[in-house]
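Contents: one structure, followed by commentary.
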Amino acid sequence: VPGLNDPDSVRLQAAASVLGGLASSRLDNALVRSEKIVVSTSSSAQIFQHAGVFGVQADVKPSVDPALVGKRMDEVIAQFLAEGPTSDELSRAATGVIAGAIRGFESVGGFSGKAVALAEGELYSNDSSFYKKEALAWAALTPEEVKTAANKWLSRPVYALTIEPGERTESGAERGGAVISGPERPVSSPAFYKAPGSDDSAASKPAANVDRSKLPEVGSLASLDFPSIERAKLKNGIEVFYAQRAAVPVTRMVVSFDAGYAADPKDALGTQSLMLALMTEGTTSRTSVQIAEETERLGAGLGSNASLDRTGFSLTALTPNLGPSVALLADVVRNPKFDPAEVERLRATQMTRIASELNNPAQIAARVLLPALYGAKHPYGVPPSGLGDPAVVAKLSPDDLRKFHTMAIRPSRARILVVSSAGLAEVLPHLETHFGAWPENRMLMVKKDFKTKIPAAQHRIILVDRPKSPQSVIAAGQVLDAAGRDDLVTLQAANEVLGGSFLSRINMNLRETKGWSYGSRSSISDPLESASYQVRAPVQADKTGASIKEILSDIDQFLTAKPVQANELERTVNGNVRGLPGSFETAQAVLAGLSNIVNLGRPDDYYETLAAKYKALTTQDLDNAARAKIDPKKLLFVVVGDASVVKPQLEGLGLPVEVIPAPAIAK
């Protein structure tokens, strides 16, 4: 399709939005909601400077014939070309694009910030104000011109690709990597491509008049000024926490509940995830399509998510549309319908997601690690994705979901966090109207029993046998004598040196020195009640045992003979201190910081005092923090890989090895 500066580019982007980009798109309504033959579908127009690509894709529902889906996709596209979009569809598409641009302009850089918009306009269109012209083009679109452009470009032959699941036939060891041309293996490459090992002195010649004997000086940095936090309480007792961010006319909020995946019933893991998926798919007064269309008309965004500790429902709204946007959010939160037909549709989606998870070695490792660390009866002893047990998900009923909603999503467990360009006095009446009269119910509440004893640490290896895996995924963990609400700044800084950054010891060893891993990291996972130290390392299958040996050696040396060095401390402190002023550039970032302060019980000036805390750190502080909490002899390892290749390597490490099969669906 044509490039950026062709008038048809915006028309084709609009066609893609109506066809498969909107939540209420033609393809979604036909193939996902009505016929239920695909899990998801989308279309997009990727527009570059001189040309673009228009694509349509669908994730076929298991047991459905891909040929049928392809036929129906063609039919929906043909109908769209015959009818063209409606004025309402175009209006919703344009509102979404312009609202997204407004939100993007809150940032300076990134992929959609002010600098990017100006630079791309100048580079690709010789006009730094091109973004204005593009917005006006969206606003002026008519159904007829979109229909004409779509017929012109989408009536031509297409390239169609079907990707089908199947048994792995290759190890993957020979895939990728650079190939040096030579007499035996001639390689053809475009003129602008610089092949590895080639001598191109002109291309690699350094710029003149640049002093490379020292790094450029860092300019002066302003101190972080985190917005002041205001508090209020609705009539029914729901606490409201507010901060103002006025760069663009946008409001972001989350209605957050004390639940999280830790609250999932132990005999019904996956209940909450299915409930969350259904919350925006129909209420007692709105259908799934009506919710999608109303969200699009408002230029808003609705979402739901859960961590281990909390469950949240988010709203992104244009501040002038705040009232109806909050009303829509409240309806979704308070009045989900759990229509049986929608339950079946979203059940199929969740089952597909579980199947995908069980075919991903990193996610298999995560599923095994937390229950092994915390114990299956502990609130945190659950697979972190929350997707749950497929046998449970297959049987969940609408009544099961209503019951969990009543027990977990209720005013007494809620708090509302808001970051808005409008003042609290303007925001609060909307919250009071739609959430303040929400009555508490008499049902039992969900329970999270953190008195459940965590199993004693066992230094061992669980090997998940995944035949023909081209690499192994190593995950390791240790439950720490610490909680997320504790001050973990020093321990987090120590971990940055050990494994938390690209330049950390574990990554530099396994990736840069050994070349066994594309990237390896360690982290301090800090849920509210009980933190853990975790390591993640995808490695070459034939270096699995050696990689574990290196990880243990790196940690042991870090805690003993090779403590934190002055340059490592300087790099860590500088990176964190210099990154602080730009960390809260957007309302979304401020909302995340506000949530962290409120949910973890931090003081209001927590982020403003961080720089001083970092600057006061010494190498000894980092050493002491790591030595007090991390013990390599308590690490439990989970390895996902081909046991026939990996097990002989592990047996030489002197650790007990338990072999378990990969989930059947993952083989």
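Chain labels A, B, ... are given in the sequence in which chains occur in the structure tokens; within each chain residues are numbered consecutively from 1, and ligands are likewise numbered from 1 in the order shown.
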Extract, using only C-alpha atoms, all DNA, RNA and protein residues at most 9 Å from Gly303 (chain A), discarding same-chain residues fewer than 3 positions from it, and format them as an mmCIF file with N, CA and C atoms, in the first residue's frame.
```cif
data_model
loop_
_atom_site.group_PDB
_atom_site.id
_atom_site.type_symbol
_atom_site.label_atom_id
_atom_site.label_comp_id
_atom_site.auth_asym_id
_atom_site.auth_seq_id
_atom_site.Cartn_x
_atom_site.Cartn_y
_atom_site.Cartn_z
ATOM 1 N N LEU A 276 -11.967 -11.609 35.237
ATOM 2 C CA LEU A 276 -11.434 -10.343 34.740
ATOM 3 C C LEU A 276 -11.639 -10.192 33.236
ATOM 4 N N THR A 280 -15.373 -6.638 30.940
ATOM 5 C CA THR A 280 -15.677 -5.657 29.899
ATOM 6 C C THR A 280 -16.468 -6.277 28.749
ATOM 7 N N GLY A 312 -7.106 -4.862 39.889
ATOM 8 C CA GLY A 312 -7.426 -3.489 39.529
ATOM 9 C C GLY A 312 -8.197 -3.365 38.232
ATOM 10 N N PHE A 313 -9.007 -2.316 38.159
ATOM 11 C CA PHE A 313 -9.759 -1.970 36.964
ATOM 12 C C PHE A 313 -9.371 -0.542 36.592
ATOM 13 N N SER A 314 -8.808 -0.379 35.412
ATOM 14 C CA SER A 314 -8.217 0.903 35.046
ATOM 15 C C SER A 314 -9.053 1.638 34.016
ATOM 16 N N LEU A 315 -8.929 2.955 34.047
ATOM 17 C CA LEU A 315 -9.590 3.830 33.093
ATOM 18 C C LEU A 315 -8.595 4.871 32.621
ATOM 19 N N THR A 316 -8.503 5.025 31.307
ATOM 20 C CA THR A 316 -7.809 6.160 30.707
ATOM 21 C C THR A 316 -8.862 6.977 29.984
#
```
Residues near Lys451 (chain A), cut-off 12 Å, only C-alpha atoms, skip fewer than 2 positions along chain, as a PyMOL selection string: chain A and resi 374+377-380+447-449+453-454+529-530
Nearest-residue call for Thr142 (chain A), choices A:Leu417, A:Val108, A:Ala94, A:Ala115, using only C-alpha atoms: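 When distances to Thr142 (chain A) are compared using only C-alpha atoms, the smallest one comes from A:Ala94.
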Non-local contacts of Val10 (chain A) (12 Å; only C-alpha atoms; under 4 positions in same chain excluded) as a PDB file with N, CA and C atoms, in the first residue's frame:
```pdb
ATOM      1  N   VAL A   1       0.860  -1.182   0.000  1.00  0.00           N
ATOM      2  CA  VAL A   1       0.000   0.000   0.000  1.00  0.00           C
ATOM      3  C   VAL A   1       0.897   1.233   0.000  1.00  0.00           C
ATOM      4  N   PRO A   2       0.368   2.419  -0.262  1.00  0.00           N
ATOM      5  CA  PRO A   2       1.212   3.610  -0.399  1.00  0.00           C
ATOM      6  C   PRO A   2       1.822   4.066   0.924  1.00  0.00           C
ATOM      7  N   GLY A   3       2.822   4.934   0.789  1.00  0.00           N
ATOM      8  CA  GLY A   3       3.558   5.405   1.951  1.00  0.00           C
ATOM      9  C   GLY A   3       2.910   6.568   2.668  1.00  0.00           C
ATOM     10  N   LEU A   4       3.666   7.124   3.610  1.00  0.00           N
ATOM     11  CA  LEU A   4       3.160   8.085   4.580  1.00  0.00           C
ATOM     12  C   LEU A   4       2.544   9.331   3.951  1.00  0.00           C
ATOM     13  N   ASN A   5       3.158   9.847   2.901  1.00  0.00           N
ATOM     14  CA  ASN A   5       2.731  11.136   2.366  1.00  0.00           C
ATOM     15  C   ASN A   5       1.665  11.033   1.287  1.00  0.00           C
ATOM     16  N   ASP A   6       1.203   9.821   1.018  1.00  0.00           N
ATOM     17  CA  ASP A   6       0.101   9.635   0.077  1.00  0.00           C
ATOM     18  C   ASP A   6      -1.225   9.869   0.812  1.00  0.00           C
ATOM     19  N   ALA A  14      -7.591   4.055   8.514  1.00  0.00           N
ATOM     20  CA  ALA A  14      -8.975   4.077   9.001  1.00  0.00           C
ATOM     21  C   ALA A  14      -9.694   2.796   8.606  1.00  0.00           C
ATOM     22  N   ALA A  15      -9.468   2.329   7.378  1.00  0.00           N
ATOM     23  CA  ALA A  15     -10.080   1.072   6.941  1.00  0.00           C
ATOM     24  C   ALA A  15      -9.623  -0.084   7.819  1.00  0.00           C
ATOM     25  N   ALA A  16      -8.330  -0.121   8.136  1.00  0.00           N
ATOM     26  CA  ALA A  16      -7.801  -1.188   8.994  1.00  0.00           C
ATOM     27  C   ALA A  16      -8.421  -1.132  10.380  1.00  0.00           C
ATOM     28  N   SER A  17      -8.629   0.076  10.896  1.00  0.00           N
ATOM     29  CA  SER A  17      -9.222   0.233  12.220  1.00  0.00           C
ATOM     30  C   SER A  17     -10.651  -0.296  12.254  1.00  0.00           C
ATOM     31  N   SER A  44      -4.230  -4.191  10.367  1.00  0.00           N
ATOM     32  CA  SER A  44      -3.434  -2.985  10.567  1.00  0.00           C
ATOM     33  C   SER A  44      -2.840  -2.536   9.247  1.00  0.00           C
ATOM     34  N   ALA A  45      -2.585  -1.249   9.161  1.00  0.00           N
ATOM     35  CA  ALA A  45      -1.853  -0.682   8.034  1.00  0.00           C
ATOM     36  C   ALA A  45      -0.552  -0.116   8.583  1.00  0.00           C
ATOM     37  N   GLN A  46       0.537  -0.820   8.332  1.00  0.00           N
ATOM     38  CA  GLN A  46       1.852  -0.351   8.769  1.00  0.00           C
ATOM     39  C   GLN A  46       2.388   0.578   7.684  1.00  0.00           C
ATOM     40  N   ILE A  47       2.416   1.850   7.979  1.00  0.00           N
ATOM     41  CA  ILE A  47       2.767   2.851   6.981  1.00  0.00           C
ATOM     42  C   ILE A  47       4.197   3.333   7.215  1.00  0.00           C
ATOM     43  N   PHE A  48       5.043   3.160   6.196  1.00  0.00           N
ATOM     44  CA  PHE A  48       6.412   3.650   6.244  1.00  0.00           C
ATOM     45  C   PHE A  48       6.530   4.857   5.313  1.00  0.00           C
ATOM     46  N   GLY A  52       3.846   0.868   2.438  1.00  0.00           N
ATOM     47  CA  GLY A  52       3.290   0.310   3.668  1.00  0.00           C
ATOM     48  C   GLY A  52       2.809  -1.105   3.429  1.00  0.00           C
ATOM     49  N   LEU A  90     -16.169   5.432  11.518  1.00  0.00           N
ATOM     50  CA  LEU A  90     -15.057   6.341  11.245  1.00  0.00           C
ATOM     51  C   LEU A  90     -14.830   7.309  12.400  1.00  0.00           C
ATOM     52  N   ALA A  93     -13.061   5.468  15.162  1.00  0.00           N
ATOM     53  CA  ALA A  93     -11.670   5.213  14.806  1.00  0.00           C
ATOM     54  C   ALA A  93     -10.834   6.487  14.938  1.00  0.00           C
ATOM     55  N   ALA A  94     -11.350   7.597  14.419  1.00  0.00           N
ATOM     56  CA  ALA A  94     -10.616   8.863  14.481  1.00  0.00           C
ATOM     57  C   ALA A  94     -10.452   9.336  15.920  1.00  0.00           C
ATOM     58  N   VAL A  97      -7.620   7.403  17.549  1.00  0.00           N
ATOM     59  CA  VAL A  97      -6.293   7.801  17.071  1.00  0.00           C
ATOM     60  C   VAL A  97      -5.886   9.144  17.664  1.00  0.00           C
ATOM     61  N   TYR A 131       2.247  16.241  12.009  1.00  0.00           N
ATOM     62  CA  TYR A 131       1.303  15.580  12.914  1.00  0.00           C
ATOM     63  C   TYR A 131      -0.033  16.321  12.960  1.00  0.00           C
ATOM     64  N   LYS A 133      -1.361  18.060  10.425  1.00  0.00           N
ATOM     65  CA  LYS A 133      -2.047  17.779   9.166  1.00  0.00           C
ATOM     66  C   LYS A 133      -2.653  16.376   9.183  1.00  0.00           C
ATOM     67  N   GLU A 134      -1.922  15.438   9.788  1.00  0.00           N
ATOM     68  CA  GLU A 134      -2.432  14.070   9.854  1.00  0.00           C
ATOM     69  C   GLU A 134      -3.680  14.003  10.729  1.00  0.00           C
ATOM     70  N   ALA A 135      -3.674  14.731  11.852  1.00  0.00           N
ATOM     71  CA  ALA A 135      -4.851  14.756  12.726  1.00  0.00           C
ATOM     72  C   ALA A 135      -6.051  15.371  12.002  1.00  0.00           C
ATOM     73  N   LEU A 136      -5.806  16.437  11.254  1.00  0.00           N
ATOM     74  CA  LEU A 136      -6.896  17.068  10.495  1.00  0.00           C
ATOM     75  C   LEU A 136      -7.421  16.131   9.406  1.00  0.00           C
ATOM     76  N   ALA A 137      -6.510  15.350   8.805  1.00  0.00           N
ATOM     77  CA  ALA A 137      -6.941  14.387   7.787  1.00  0.00           C
ATOM     78  C   ALA A 137      -7.847  13.322   8.395  1.00  0.00           C
ATOM     79  N   TRP A 138      -7.504  12.874   9.590  1.00  0.00           N
ATOM     80  CA  TRP A 138      -8.360  11.906  10.288  1.00  0.00           C
ATOM     81  C   TRP A 138      -9.740  12.522  10.565  1.00  0.00           C
ATOM     82  N   ALA A 139      -9.742  13.739  11.040  1.00  0.00           N
ATOM     83  CA  ALA A 139     -11.008  14.380  11.406  1.00  0.00           C
ATOM     84  C   ALA A 139     -11.900  14.629  10.189  1.00  0.00           C
ATOM     85  N   ALA A 140     -11.288  14.771   8.996  1.00  0.00           N
ATOM     86  CA  ALA A 140     -12.057  15.109   7.799  1.00  0.00           C
ATOM     87  C   ALA A 140     -12.470  13.895   6.971  1.00  0.00           C
ATOM     88  N   LEU A 141     -12.130  12.691   7.418  1.00  0.00           N
ATOM     89  CA  LEU A 141     -12.425  11.487   6.637  1.00  0.00           C
ATOM     90  C   LEU A 141     -13.926  11.326   6.373  1.00  0.00           C
ATOM     91  N   THR A 142     -14.240  10.832   5.188  1.00  0.00           N
ATOM     92  CA  THR A 142     -15.628  10.495   4.865  1.00  0.00           C
ATOM     93  C   THR A 142     -15.719   9.014   4.527  1.00  0.00           C
ATOM     94  N   GLU A 145     -14.644   8.161   0.768  1.00  0.00           N
ATOM     95  CA  GLU A 145     -13.239   8.170   0.369  1.00  0.00           C
ATOM     96  C   GLU A 145     -12.470   7.006   0.997  1.00  0.00           C
ATOM     97  N   VAL A 146     -12.860   6.569   2.188  1.00  0.00           N
ATOM     98  CA  VAL A 146     -12.236   5.382   2.783  1.00  0.00           C
ATOM     99  C   VAL A 146     -12.609   4.144   1.980  1.00  0.00           C
ATOM    100  N   ALA A 149     -10.564   4.169  -1.328  1.00  0.00           N
ATOM    101  CA  ALA A 149      -9.162   3.799  -1.125  1.00  0.00           C
ATOM    102  C   ALA A 149      -9.028   2.315  -0.806  1.00  0.00           C
ATOM    103  N   ALA A 150      -9.930   1.799   0.023  1.00  0.00           N
ATOM    104  CA  ALA A 150      -9.867   0.383   0.385  1.00  0.00           C
ATOM    105  C   ALA A 150     -10.067  -0.493  -0.844  1.00  0.00           C
TER     106      ALA A 150
END
```
Point-to-point distance in Å for CA of Ser9 (chain A) and CA of Leu318 (chain A):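 These two atoms are separated by 26.1 Å.
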Helix (DSSP H, G or I) per DSSP on the backbone: members of region 351-389 of chain A, as a list of chain:residue names: A:Met351, A:Thr352, A:Arg353, A:Ile354, A:Ala355, A:Ser356, A:Glu357, A:Pro361, A:Ala362, A:Gln363, A:Ile364, A:Ala365, A:Ala366, A:Arg367, A:Val368, A:Leu369, A:Leu370, A:Pro371, A:Ala372, A:Leu373, A:Tyr374
Near-region 258-275 of chain A list (7 Å; only C-alpha atoms; drop same-chain fewer than 2 positions) as a list in words: Ser256, Ala277, Leu278, Met279, Ala306, Ser307, Leu308, Asp309, Arg310, Thr311, Arg347, Gln350, Pro379, Tyr380, Gly386, Leu387, Gly388, Asp389, Val392, Val393, Leu401, Ala408, Arg413, Ala414, Val446, Lys447 and Lys448 of chain A
Top pick for closest residue to Leu463 (chain A), considering A:Arg92, A:Arg245, A:Lys647, A:Lys562 and counting only C-alpha atoms: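 Once distances to Leu463 (chain A) are computed over only C-alpha atoms, the minimum belongs to A:Lys647.
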Long-range neighbours of region 19-35 of chain A as a PyMOL selection string, 8 Å cut-off, only C-alpha atoms, 3 positions minimum in chain: chain A and resi 15-16+38-44+56+72-73+76-77+80+93+289+292-293+296+342+345
Test item: residues at most 10 Å from Tyr614 (chain A), only C-alpha atoms, excluding those fewer than 6 positions along its chain, as a list in words: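 So the residues in contact are Val489, Thr490, Ala493, Leu569, Glu570, Thr572, Val573, Asn574, Gly575, Asn576 and Val577 of chain A.
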Could you please take those selected residues and save N, CA and C atoms as a short mmCIF file (atom, residue, chain, number, x, y, z; two decimals), in the first residue's frame?
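Result saved to selection.cif:
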```cif
data_model
loop_
_atom_site.label_atom_id
_atom_site.label_comp_id
_atom_site.auth_asym_id
_atom_site.auth_seq_id
_atom_site.Cartn_x
_atom_site.Cartn_y
_atom_site.Cartn_z
N VAL A 489 15.57 -0.88 49.14
CA VAL A 489 16.37 -0.10 48.21
C VAL A 489 17.81 -0.62 48.14
N THR A 490 18.42 -0.87 49.28
CA THR A 490 19.81 -1.31 49.29
C THR A 490 19.94 -2.70 48.69
N ALA A 493 19.62 -2.47 44.98
CA ALA A 493 20.84 -1.93 44.39
C ALA A 493 21.92 -3.00 44.31
N LEU A 569 29.28 0.32 42.15
CA LEU A 569 28.43 1.17 42.98
C LEU A 569 28.14 2.49 42.28
N GLU A 570 29.19 3.10 41.71
CA GLU A 570 29.01 4.38 41.03
C GLU A 570 28.03 4.26 39.87
N THR A 572 25.66 2.03 39.46
CA THR A 572 24.32 1.76 39.98
C THR A 572 23.68 3.01 40.56
N VAL A 573 24.42 3.74 41.35
CA VAL A 573 23.88 4.96 41.96
C VAL A 573 23.58 6.00 40.89
N ASN A 574 24.51 6.22 39.98
CA ASN A 574 24.29 7.22 38.94
C ASN A 574 23.08 6.87 38.07
N GLY A 575 22.96 5.61 37.70
CA GLY A 575 21.85 5.20 36.85
C GLY A 575 20.51 5.45 37.52
N ASN A 576 20.42 5.14 38.79
CA ASN A 576 19.15 5.32 39.50
C ASN A 576 18.86 6.79 39.80
N VAL A 577 19.87 7.53 40.23
CA VAL A 577 19.66 8.94 40.58
C VAL A 577 19.35 9.76 39.33
#
```
Residues within 9 Å of region 332-341 of chain A, only C-alpha atoms, excluding chain neighbours under 5 positions, as a list in words: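 Answer for this query is Val255, Met275, Leu278, Met279, Thr280, Glu281, Gly282, Thr283, Thr284, Ser285, Arg286, Thr287, Ile291, Phe313, Ala327, Leu346, Ser397, Pro398, Asp399, Leu401, Arg402, His405, Ile409, Arg410, Phe435 and Trp438 of chain A.
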Could you please take those selected residues and save N, CA and C atoms as a PDB file, in the first residue's frame?
```
ATOM      1  N   VAL A 255      -9.361   1.472  40.042  1.00  0.00           N
ATOM      2  CA  VAL A 255     -10.123   1.035  41.207  1.00  0.00           C
ATOM      3  C   VAL A 255      -9.476  -0.275  41.633  1.00  0.00           C
ATOM      4  N   MET A 275     -12.852 -14.293  35.290  1.00  0.00           N
ATOM      5  CA  MET A 275     -13.742 -13.212  35.709  1.00  0.00           C
ATOM      6  C   MET A 275     -13.277 -11.874  35.135  1.00  0.00           C
ATOM      7  N   LEU A 278     -14.013 -11.264  31.522  1.00  0.00           N
ATOM      8  CA  LEU A 278     -15.432 -11.069  31.209  1.00  0.00           C
ATOM      9  C   LEU A 278     -15.982  -9.717  31.657  1.00  0.00           C
ATOM     10  N   MET A 279     -15.237  -8.996  32.476  1.00  0.00           N
ATOM     11  CA  MET A 279     -15.787  -7.773  33.065  1.00  0.00           C
ATOM     12  C   MET A 279     -16.144  -6.716  32.023  1.00  0.00           C
ATOM     13  N   THR A 280     -15.373  -6.638  30.940  1.00  0.00           N
ATOM     14  CA  THR A 280     -15.677  -5.657  29.899  1.00  0.00           C
ATOM     15  C   THR A 280     -16.468  -6.277  28.749  1.00  0.00           C
ATOM     16  N   GLU A 281     -17.002  -7.467  28.956  1.00  0.00           N
ATOM     17  CA  GLU A 281     -17.724  -8.167  27.884  1.00  0.00           C
ATOM     18  C   GLU A 281     -19.222  -8.264  28.154  1.00  0.00           C
ATOM     19  N   GLY A 282     -19.740  -7.309  28.897  1.00  0.00           N
ATOM     20  CA  GLY A 282     -21.176  -7.267  29.125  1.00  0.00           C
ATOM     21  C   GLY A 282     -21.529  -6.989  30.569  1.00  0.00           C
ATOM     22  N   THR A 283     -22.440  -6.030  30.777  1.00  0.00           N
ATOM     23  CA  THR A 283     -22.972  -5.747  32.105  1.00  0.00           C
ATOM     24  C   THR A 283     -24.480  -5.980  32.061  1.00  0.00           C
ATOM     25  N   THR A 284     -25.134  -5.720  33.171  1.00  0.00           N
ATOM     26  CA  THR A 284     -26.583  -5.915  33.209  1.00  0.00           C
ATOM     27  C   THR A 284     -27.328  -4.906  32.352  1.00  0.00           C
ATOM     28  N   SER A 285     -26.628  -3.848  31.886  1.00  0.00           N
ATOM     29  CA  SER A 285     -27.291  -2.834  31.060  1.00  0.00           C
ATOM     30  C   SER A 285     -26.611  -2.592  29.721  1.00  0.00           C
ATOM     31  N   ARG A 286     -25.430  -3.198  29.486  1.00  0.00           N
ATOM     32  CA  ARG A 286     -24.697  -2.987  28.238  1.00  0.00           C
ATOM     33  C   ARG A 286     -24.180  -4.324  27.720  1.00  0.00           C
ATOM     34  N   THR A 287     -24.257  -4.506  26.407  1.00  0.00           N
ATOM     35  CA  THR A 287     -23.662  -5.693  25.798  1.00  0.00           C
ATOM     36  C   THR A 287     -22.170  -5.468  25.587  1.00  0.00           C
ATOM     37  N   ILE A 291     -20.333  -1.793  25.082  1.00  0.00           N
ATOM     38  CA  ILE A 291     -19.214  -1.319  25.913  1.00  0.00           C
ATOM     39  C   ILE A 291     -18.054  -0.897  25.023  1.00  0.00           C
ATOM     40  N   PHE A 313      -9.007  -2.316  38.159  1.00  0.00           N
ATOM     41  CA  PHE A 313      -9.759  -1.970  36.964  1.00  0.00           C
ATOM     42  C   PHE A 313      -9.371  -0.542  36.592  1.00  0.00           C
ATOM     43  N   ALA A 327     -18.693   6.730  34.557  1.00  0.00           N
ATOM     44  CA  ALA A 327     -19.951   5.979  34.606  1.00  0.00           C
ATOM     45  C   ALA A 327     -19.793   4.610  33.942  1.00  0.00           C
ATOM     46  N   LEU A 346     -15.029 -16.605  26.228  1.00  0.00           N
ATOM     47  CA  LEU A 346     -13.810 -16.230  26.939  1.00  0.00           C
ATOM     48  C   LEU A 346     -13.139 -17.430  27.594  1.00  0.00           C
ATOM     49  N   SER A 397     -18.497 -22.031  35.964  1.00  0.00           N
ATOM     50  CA  SER A 397     -19.827 -21.612  35.526  1.00  0.00           C
ATOM     51  C   SER A 397     -20.003 -20.118  35.770  1.00  0.00           C
ATOM     52  N   PRO A 398     -20.988 -19.495  35.141  1.00  0.00           N
ATOM     53  CA  PRO A 398     -21.291 -18.091  35.441  1.00  0.00           C
ATOM     54  C   PRO A 398     -21.531 -17.850  36.930  1.00  0.00           C
ATOM     55  N   ASP A 399     -22.156 -18.799  37.606  1.00  0.00           N
ATOM     56  CA  ASP A 399     -22.395 -18.635  39.042  1.00  0.00           C
ATOM     57  C   ASP A 399     -21.092 -18.625  39.826  1.00  0.00           C
ATOM     58  N   LEU A 401     -18.286 -17.450  38.812  1.00  0.00           N
ATOM     59  CA  LEU A 401     -17.678 -16.144  38.585  1.00  0.00           C
ATOM     60  C   LEU A 401     -18.411 -15.056  39.359  1.00  0.00           C
ATOM     61  N   ARG A 402     -19.740 -15.134  39.402  1.00  0.00           N
ATOM     62  CA  ARG A 402     -20.513 -14.155  40.178  1.00  0.00           C
ATOM     63  C   ARG A 402     -20.152 -14.249  41.664  1.00  0.00           C
ATOM     64  N   HIS A 405     -16.792 -12.667  42.227  1.00  0.00           N
ATOM     65  CA  HIS A 405     -16.914 -11.223  42.106  1.00  0.00           C
ATOM     66  C   HIS A 405     -17.518 -10.620  43.370  1.00  0.00           C
ATOM     67  N   ILE A 409     -14.753  -8.299  44.785  1.00  0.00           N
ATOM     68  CA  ILE A 409     -14.911  -6.958  44.218  1.00  0.00           C
ATOM     69  C   ILE A 409     -16.041  -6.261  44.966  1.00  0.00           C
ATOM     70  N   ARG A 410     -15.670  -5.575  46.026  1.00  0.00           N
ATOM     71  CA  ARG A 410     -16.653  -4.972  46.933  1.00  0.00           C
ATOM     72  C   ARG A 410     -16.055  -3.715  47.557  1.00  0.00           C
ATOM     73  N   PHE A 435     -19.554   5.580  42.496  1.00  0.00           N
ATOM     74  CA  PHE A 435     -19.008   4.573  43.410  1.00  0.00           C
ATOM     75  C   PHE A 435     -19.424   4.805  44.865  1.00  0.00           C
ATOM     76  N   TRP A 438     -22.339   2.691  46.274  1.00  0.00           N
ATOM     77  CA  TRP A 438     -22.180   1.240  46.105  1.00  0.00           C
ATOM     78  C   TRP A 438     -22.269   0.574  47.481  1.00  0.00           C
TER      79      TRP A 438
END
```
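Proximity ranking of A:Gly375, A:Gly113, A:Gly423, A:Gly96 relative to Ala456 (chain A) places A:Gly375 first, based on only C-alpha atoms.
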Members of region 435-484 of chain A assigned strand (DSSP E or B) by DSSP, as a PyMOL selection string: chain A and resi 461-465+471-479
Closest of A:Ala119, A:Val250, A:Ala457, A:Val210 to Val427 (chain A) - atom-to-atom distances counting only C-alpha atoms: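 That would be A:Val250, the residue with the smallest distance to Val427 (chain A).
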Between CA of Lys613 (chain A) and CA of Ala222 (chain A) - distance in Å to one decimal: 16.5 Å
Of the listed residues A:Leu370, A:Ala78, A:Ala483, A:Ala625, that which approaches Phe450 (chain A) most closely, counting only C-alpha atoms: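 The answer is A:Ala483, which sits nearest to Phe450 (chain A).
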Using only C-alpha atoms: which of A:Ala561, A:Val646, A:Met407, A:Ile354 has the shortest distance to Met445 (chain A):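 The shortest atom-to-atom distance to Met445 (chain A) comes from A:Met407.
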Separation of CA of Lys629 (chain A) from CA of Gln492 (chain A) in Å: 11.2 Å
